[in-house]
Amino acid sequence: MKRLLLLTIALLCGIFSFAQLLTWTPAFPTENDASQNLVITVDASKGNKGLLNYSPSTDVYVHTGVITNLSSSQSDWKYVKFNQNFNQPNTQLQATYIGNNKWQFTIPGSLKTYYNVPAGETILKIAILFRTGNGGLKQANSDNSDMYVPIYSSSLAVRLSQPPTEPKYVPTPEPQTWTIGTNFSVVAEANKSSAMKLYHNGNVIASSSGNVPSITGNSSVTVAGEQQLVAEANDGTTTKYDTIKVYVTPSSPIVALPSGAKDGINYNSPTSVTLVLRAPGKNGATVIGDFNNWQQAVMNKTPDGKFFWITLNGLTAGTEYGFQY
C-alpha cells in the first residue's frame with residue numbers, strides 16, 4: 001500500500017477584502033532613484049497575523065535585505081541592513097504604528113545606496129519582515145514565509161493590485177470565498193501611461209479608451225474552477241502582462257461518510273484509501289497530490305457539515321504519496 005504523506009492544510013475560509021498584507025508607494029519602485037521615498041505598510045490582520053493586536057505598538061522593527069541577480073535563491077538575502085541580529089531592536093529599523101494593526105517603514109532615497117549594493121549588481125526584490133524587538137513574533141505571509149517588494153527597471157511594467165495577493169517571492173492570491181455568482185473587482189496599474197485591458201478567463205472585462213496609468217474592471221464567477229485574471233499594458237512599442245489565478249471550489253456533493261470511515265487516512269485496500277477531513281463550518285474542501293498531478297479534486301461533504309471526504313482508487317502499492325487539503 002502506498003503511504004500518504006500529509007503536507008499542509010489550506011481550507012476555503014478566507015475573506016474577500018480589498019485590504020492587502022503588504023502595500024507600498026510608489027507602486028513601481030526602482031533601485032537607483034535618489035528622490036524616491038519607499039513607504040512600506042504591513043497589515044497585521046492579514047497573513048500569519050503574527051503582530052495582530054500587538055502591544056506596545058512601538059516595539060516593532062523591520063528585518064530587511066535584498067534579493068539580487070547574484071542571490072542563489074529566494075532565501076539568499078544579501079546586504080541585510082546593519083547586518084541586524086533578528087532578536088535585537090534597532091531604532092534605525094523601527095516601524096511606525098499608524099493604527100488599525102498597521103505599521104509603516106520608509107526607505108529613503110536610492111535603494112542601492114540604502115542597502116550598499118555595489119555597482120554591477122542588480123536589486124530584484126526587497127526582502128522584509130516586521131518583528132518584535134526580541135524577534136519572538138514576526139509578521140509574514142500566511143505560511144510564515146518572507147515578504148518581498150518587487151523592484152522595477154524603467155521598462156514598461158504592469159501589476160494587478162486587486163484581487164489582493166500575498167507578497168511571496170512569486171505573489172499568490174489571498175484565500176477567497178468566491179462561489180458561483182460572486183461579483184468582484186479587478187484593478188491593475190502600470191508604471192507608464194498605456195493602453196490597458198483586463199481579462200477574465202480570456203474575455204475582456206475592461207479596456208481603456210486611451211493611455212492611462214491604471215484600469216478597473218468588474219466581473220463575476222459564472223463557473224467553478226480556475227479564474228484567470230490578466231492585465232495587459234501597451235505603451236505603443238511594448239506589451240506587458242500580469243496574471244493571477246483564483247480557484248473557485250465547486251459545490252461539494254452532500255454524501256454520508258462510508259461506513260467505518262474516521263477522520264484522517266482510511267486504508268481500504270492496498271490500492272485504495274478514503275481521506276476524511278474534519279472541518280465544520282467550512283464551505284468546501286479540495287485535495288491535491290501526487291495521485292492527481294496536483295490538480296484540485298472536490299471532496300464530498302457530510303450532511304451534518306462537519307466532515308469532507310473522498311475515496312481514491314487506483315493507487316500503486318508500496319509508494320509514498322504527498323498530498324494536501
# chains A, B, ... in the order shown; residues from 1 in each chain; ligands from 1
$ residues_around --residues "A:Pro29" --least-positions-apart "6" --cutoff "12 Å" --atoms "only C-alpha atoms" --output "list of chain:residue names"
A:Thr23, A:Ser35, A:Gln36, A:Asn37, A:Leu38, A:Val39, A:Ile40, A:Ile107, A:Pro108, A:Gly109, A:Ser110, A:Leu111, A:Lys112, A:Ile123, A:Leu124, A:Lys125, A:Ile126, A:Val149, A:Pro150, A:Ile151, A:Tyr152, A:Ser153, A:Ser154, A:Ala157, A:Ala190, A:Asn191
$ residues_around --residues "A:Ser73" --least-positions-apart "4" --cutoff "12 Å" --atoms "only C-alpha atoms" --output "mmCIF file with N, CA and C atoms, in the first residue's frame"
data_model
loop_
_atom_site.group_PDB
_atom_site.id
_atom_site.type_symbol
_atom_site.label_atom_id
_atom_site.label_comp_id
_atom_site.auth_asym_id
_atom_site.auth_seq_id
_atom_site.Cartn_x
_atom_site.Cartn_y
_atom_site.Cartn_z
ATOM 1 N N VAL A 66 18.029 42.406 0.587
ATOM 2 C CA VAL A 66 17.615 42.395 -0.817
ATOM 3 C C VAL A 66 17.948 41.056 -1.462
ATOM 4 N N ILE A 67 17.185 40.739 -2.480
ATOM 5 C CA ILE A 67 17.494 39.637 -3.382
ATOM 6 C C ILE A 67 18.041 40.274 -4.655
ATOM 7 N N THR A 68 19.227 39.876 -5.053
ATOM 8 C CA THR A 68 19.854 40.463 -6.237
ATOM 9 C C THR A 68 20.053 39.401 -7.312
ATOM 10 N N ASN A 69 20.583 39.851 -8.436
ATOM 11 C CA ASN A 69 20.876 38.913 -9.522
ATOM 12 C C ASN A 69 21.963 37.915 -9.144
ATOM 13 N N TRP A 77 19.155 36.225 1.203
ATOM 14 C CA TRP A 77 19.127 37.664 1.444
ATOM 15 C C TRP A 77 20.556 38.208 1.397
ATOM 16 N N LYS A 78 20.721 39.325 0.724
ATOM 17 C CA LYS A 78 22.019 39.989 0.700
ATOM 18 C C LYS A 78 21.891 41.390 1.295
ATOM 19 N N LEU A 124 16.638 42.813 -7.326
ATOM 20 C CA LEU A 124 15.425 42.244 -7.905
ATOM 21 C C LEU A 124 14.225 42.434 -6.983
ATOM 22 N N LYS A 125 14.441 42.232 -5.686
ATOM 23 C CA LYS A 125 13.361 42.369 -4.716
ATOM 24 C C LYS A 125 13.928 42.819 -3.373
ATOM 25 N N ALA A 127 13.552 42.088 0.455
ATOM 26 C CA ALA A 127 13.039 41.068 1.370
ATOM 27 C C ALA A 127 12.800 41.736 2.715
ATOM 28 N N TYR A 169 7.582 35.376 -2.858
ATOM 29 C CA TYR A 169 8.563 35.610 -3.924
ATOM 30 C C TYR A 169 7.863 35.599 -5.274
#
$ closest_atom_pairs --of "stretch 111-193 of chain A" --to "stretch 242-266 of chain A" --cutoff "7 Å" --atoms "only C-alpha atoms" --output "JSON lines"
{"residue": "A:Val158", "atom": "CA", "partner": "A:Asp242", "partner_atom": "CA", "distance": 6.2}
{"residue": "A:Arg159", "atom": "CA", "partner": "A:Asp242", "partner_atom": "CA", "distance": 5.7}
{"residue": "A:Leu160", "atom": "CA", "partner": "A:Asp242", "partner_atom": "CA", "distance": 6.4}
{"residue": "A:Pro173", "atom": "CA", "partner": "A:Val246", "partner_atom": "CA", "distance": 6.5}
{"residue": "A:Trp178", "atom": "CA", "partner": "A:Val248", "partner_atom": "CA", "distance": 5.9}
{"residue": "A:Thr179", "atom": "CA", "partner": "A:Val248", "partner_atom": "CA", "distance": 6.1}
$ closest_atom_pairs --of "stretch 119-220 of chain A" --to "stretch 60-65 of chain A" --cutoff "9 Å" --atoms "only C-alpha atoms" --output "tab-separated table"
residue	atom	partner	partner_atom	distance
A:Lys125	CA	A:Gly65	CA	8.8
A:Ile126	CA	A:Gly65	CA	6.1
A:Ala127	CA	A:Gly65	CA	5.3
A:Ile128	CA	A:Thr64	CA	4.4
A:Leu129	CA	A:His63	CA	5.2
A:Phe130	CA	A:Val62	CA	4.4
A:Arg131	CA	A:Tyr61	CA	5.4
A:Thr132	CA	A:Val60	CA	4.6
A:Gly133	CA	A:Val60	CA	6.0
A:Gly135	CA	A:Tyr61	CA	9.0
A:Lys138	CA	A:Val60	CA	9.0
$ write_last_selection --atoms "C-alpha atoms" --output "JSON list (two decimals), in the first residue's frame"
[["chain", "number", "residue", "atom", "x", "y", "z"],
["A", 125, "LYS", "CA", 13.36, 42.37, -4.72],
["A", 126, "ILE", "CA", 13.41, 43.81, -1.23],
["A", 127, "ALA", "CA", 13.04, 41.07, 1.37],
["A", 128, "ILE", "CA", 11.32, 42.20, 4.54],
["A", 129, "LEU", "CA", 9.71, 41.01, 7.76],
["A", 130, "PHE", "CA", 8.15, 43.05, 10.56],
["A", 131, "ARG", "CA", 9.03, 41.71, 14.02],
["A", 132, "THR", "CA", 9.04, 42.47, 17.71],
["A", 133, "GLY", "CA", 12.19, 43.82, 19.30],
["A", 135, "GLY", "CA", 12.28, 38.62, 17.49],
["A", 138, "LYS", "CA", 7.01, 38.23, 13.26]]
$ residues_around --residues "A:Ala231" --least-positions-apart "2" --cutoff "12 Å" --atoms "only C-alpha atoms" --output "PyMOL selection string"
chain A and resi 157-163+186-190+194-208+214-217+228-229+233-234+239-245
$ write_last_selection --atoms "N, CA and C atoms" --output "CSV table (one decimal), in the first residue's frame"
chain,number,residue,atom,x,y,z
A,157,ALA,N,6.0,48.2,-17.1
A,157,ALA,CA,5.6,47.1,-16.2
A,157,ALA,C,4.2,47.3,-15.9
A,158,VAL,N,3.5,46.2,-15.6
A,158,VAL,CA,2.1,46.2,-15.2
A,158,VAL,C,1.9,45.3,-14.1
A,159,ARG,N,1.0,45.6,-13.2
A,159,ARG,CA,0.8,44.8,-12.0
A,159,ARG,C,-0.7,44.8,-11.6
A,160,LEU,N,-1.2,43.6,-11.3
A,160,LEU,CA,-2.6,43.5,-10.8
A,160,LEU,C,-2.5,43.8,-9.3
A,161,SER,N,-3.3,44.8,-8.8
A,161,SER,CA,-3.3,45.1,-7.4
A,161,SER,C,-4.5,44.6,-6.7
A,162,GLN,N,-5.6,44.3,-7.4
A,162,GLN,CA,-6.8,43.6,-6.9
A,162,GLN,C,-7.2,42.6,-7.9
A,163,PRO,N,-7.7,41.4,-7.4
A,163,PRO,CA,-7.8,41.0,-6.0
A,163,PRO,C,-6.5,40.9,-5.3
A,186,VAL,N,-11.4,44.0,-10.4
A,186,VAL,CA,-10.1,43.8,-10.8
A,186,VAL,C,-9.4,45.1,-11.1
A,187,VAL,N,-8.3,45.4,-10.5
A,187,VAL,CA,-7.6,46.6,-10.6
A,187,VAL,C,-6.1,46.3,-11.1
A,188,ALA,N,-5.6,47.1,-12.0
A,188,ALA,CA,-4.3,47.0,-12.5
A,188,ALA,C,-3.7,48.4,-12.7
A,189,GLU,N,-2.4,48.5,-12.5
A,189,GLU,CA,-1.7,49.7,-12.7
A,189,GLU,C,-0.4,49.5,-13.5
A,190,ALA,N,0.0,50.5,-14.2
A,190,ALA,CA,1.3,50.4,-15.0
A,190,ALA,C,2.2,51.5,-14.6
A,194,SER,N,-0.5,53.8,-20.5
A,194,SER,CA,-0.5,52.8,-21.6
A,194,SER,C,-1.9,52.5,-22.0
A,195,ALA,N,-2.1,51.9,-23.1
A,195,ALA,CA,-3.4,51.3,-23.5
A,195,ALA,C,-3.6,50.0,-22.6
A,196,MET,N,-4.6,50.0,-21.8
A,196,MET,CA,-4.7,48.9,-20.9
A,196,MET,C,-6.0,48.1,-21.1
A,197,LYS,N,-5.9,46.8,-20.8
A,197,LYS,CA,-7.0,45.9,-20.8
A,197,LYS,C,-7.0,44.9,-19.6
A,198,LEU,N,-8.2,44.5,-19.2
A,198,LEU,CA,-8.3,43.4,-18.2
A,198,LEU,C,-9.1,42.3,-18.8
A,199,TYR,N,-8.7,41.1,-18.5
A,199,TYR,CA,-9.3,39.9,-19.0
A,199,TYR,C,-9.7,39.0,-17.8
A,200,HIS,N,-10.8,38.3,-17.9
A,200,HIS,CA,-11.3,37.3,-17.0
A,200,HIS,C,-11.5,36.0,-17.8
A,201,ASN,N,-10.7,35.0,-17.6
A,201,ASN,CA,-10.9,33.7,-18.4
A,201,ASN,C,-10.9,34.0,-19.9
A,202,GLY,N,-10.0,34.9,-20.3
A,202,GLY,CA,-9.9,35.2,-21.8
A,202,GLY,C,-10.8,36.2,-22.3
A,203,ASN,N,-11.8,36.6,-21.5
A,203,ASN,CA,-12.8,37.6,-22.0
A,203,ASN,C,-12.4,39.0,-21.5
A,204,VAL,N,-12.4,40.0,-22.4
A,204,VAL,CA,-12.1,41.4,-22.0
A,204,VAL,C,-13.2,41.9,-21.1
A,205,ILE,N,-12.9,42.4,-19.9
A,205,ILE,CA,-13.8,43.0,-19.0
A,205,ILE,C,-13.7,44.5,-18.8
A,206,ALA,N,-12.5,45.0,-19.3
A,206,ALA,CA,-12.3,46.4,-19.3
A,206,ALA,C,-11.2,46.8,-20.3
A,207,SER,N,-11.4,47.9,-21.0
A,207,SER,CA,-10.5,48.4,-22.0
A,207,SER,C,-10.4,49.9,-21.9
A,208,SER,N,-9.2,50.5,-21.8
A,208,SER,CA,-9.1,51.9,-21.8
A,208,SER,C,-9.3,52.5,-23.1
A,214,SER,N,-3.8,53.4,-14.9
A,214,SER,CA,-4.5,52.3,-14.2
A,214,SER,C,-5.8,52.0,-14.8
A,215,ILE,N,-6.4,50.9,-14.4
A,215,ILE,CA,-7.7,50.5,-15.0
A,215,ILE,C,-8.4,49.6,-14.0
A,216,THR,N,-9.7,49.7,-14.0
A,216,THR,CA,-10.6,48.9,-13.1
A,216,THR,C,-11.6,48.2,-13.9
A,217,GLY,N,-11.9,47.0,-13.6
A,217,GLY,CA,-13.0,46.3,-14.2
A,217,GLY,C,-13.7,45.4,-13.2
A,228,GLN,N,-8.9,32.9,-14.2
A,228,GLN,CA,-7.6,33.5,-14.7
A,228,GLN,C,-7.9,35.0,-15.0
A,229,LEU,N,-7.1,35.8,-14.3
A,229,LEU,CA,-7.2,37.3,-14.4
A,229,LEU,C,-5.9,37.8,-15.0
A,233,ALA,N,-0.8,45.8,-20.7
A,233,ALA,CA,-0.5,47.2,-20.9
A,233,ALA,C,0.4,47.3,-22.2
A,234,ASN,N,0.1,48.3,-23.0
A,234,ASN,CA,0.8,48.5,-24.2
A,234,ASN,C,1.1,50.0,-24.3
A,239,THR,N,4.4,45.4,-25.1
A,239,THR,CA,3.2,44.9,-24.4
A,239,THR,C,3.6,44.0,-23.2
A,240,LYS,N,3.1,44.3,-22.1
A,240,LYS,CA,3.4,43.5,-20.9
A,240,LYS,C,2.1,43.0,-20.2
A,241,TYR,N,2.3,41.9,-19.5
A,241,TYR,CA,1.1,41.2,-18.9
A,241,TYR,C,1.4,40.9,-17.4
A,242,ASP,N,0.4,40.8,-16.7
A,242,ASP,CA,0.5,40.2,-15.3
A,242,ASP,C,-0.8,39.3,-15.1
A,243,THR,N,-0.6,38.2,-14.5
A,243,THR,CA,-1.6,37.2,-14.4
A,243,THR,C,-1.7,36.7,-12.9
A,244,ILE,N,-2.9,36.5,-12.4
A,244,ILE,CA,-3.1,35.8,-11.2
A,244,ILE,C,-4.3,34.8,-11.4
A,245,LYS,N,-4.3,33.7,-10.7
A,245,LYS,CA,-5.3,32.7,-10.8
A,245,LYS,C,-5.9,32.4,-9.4
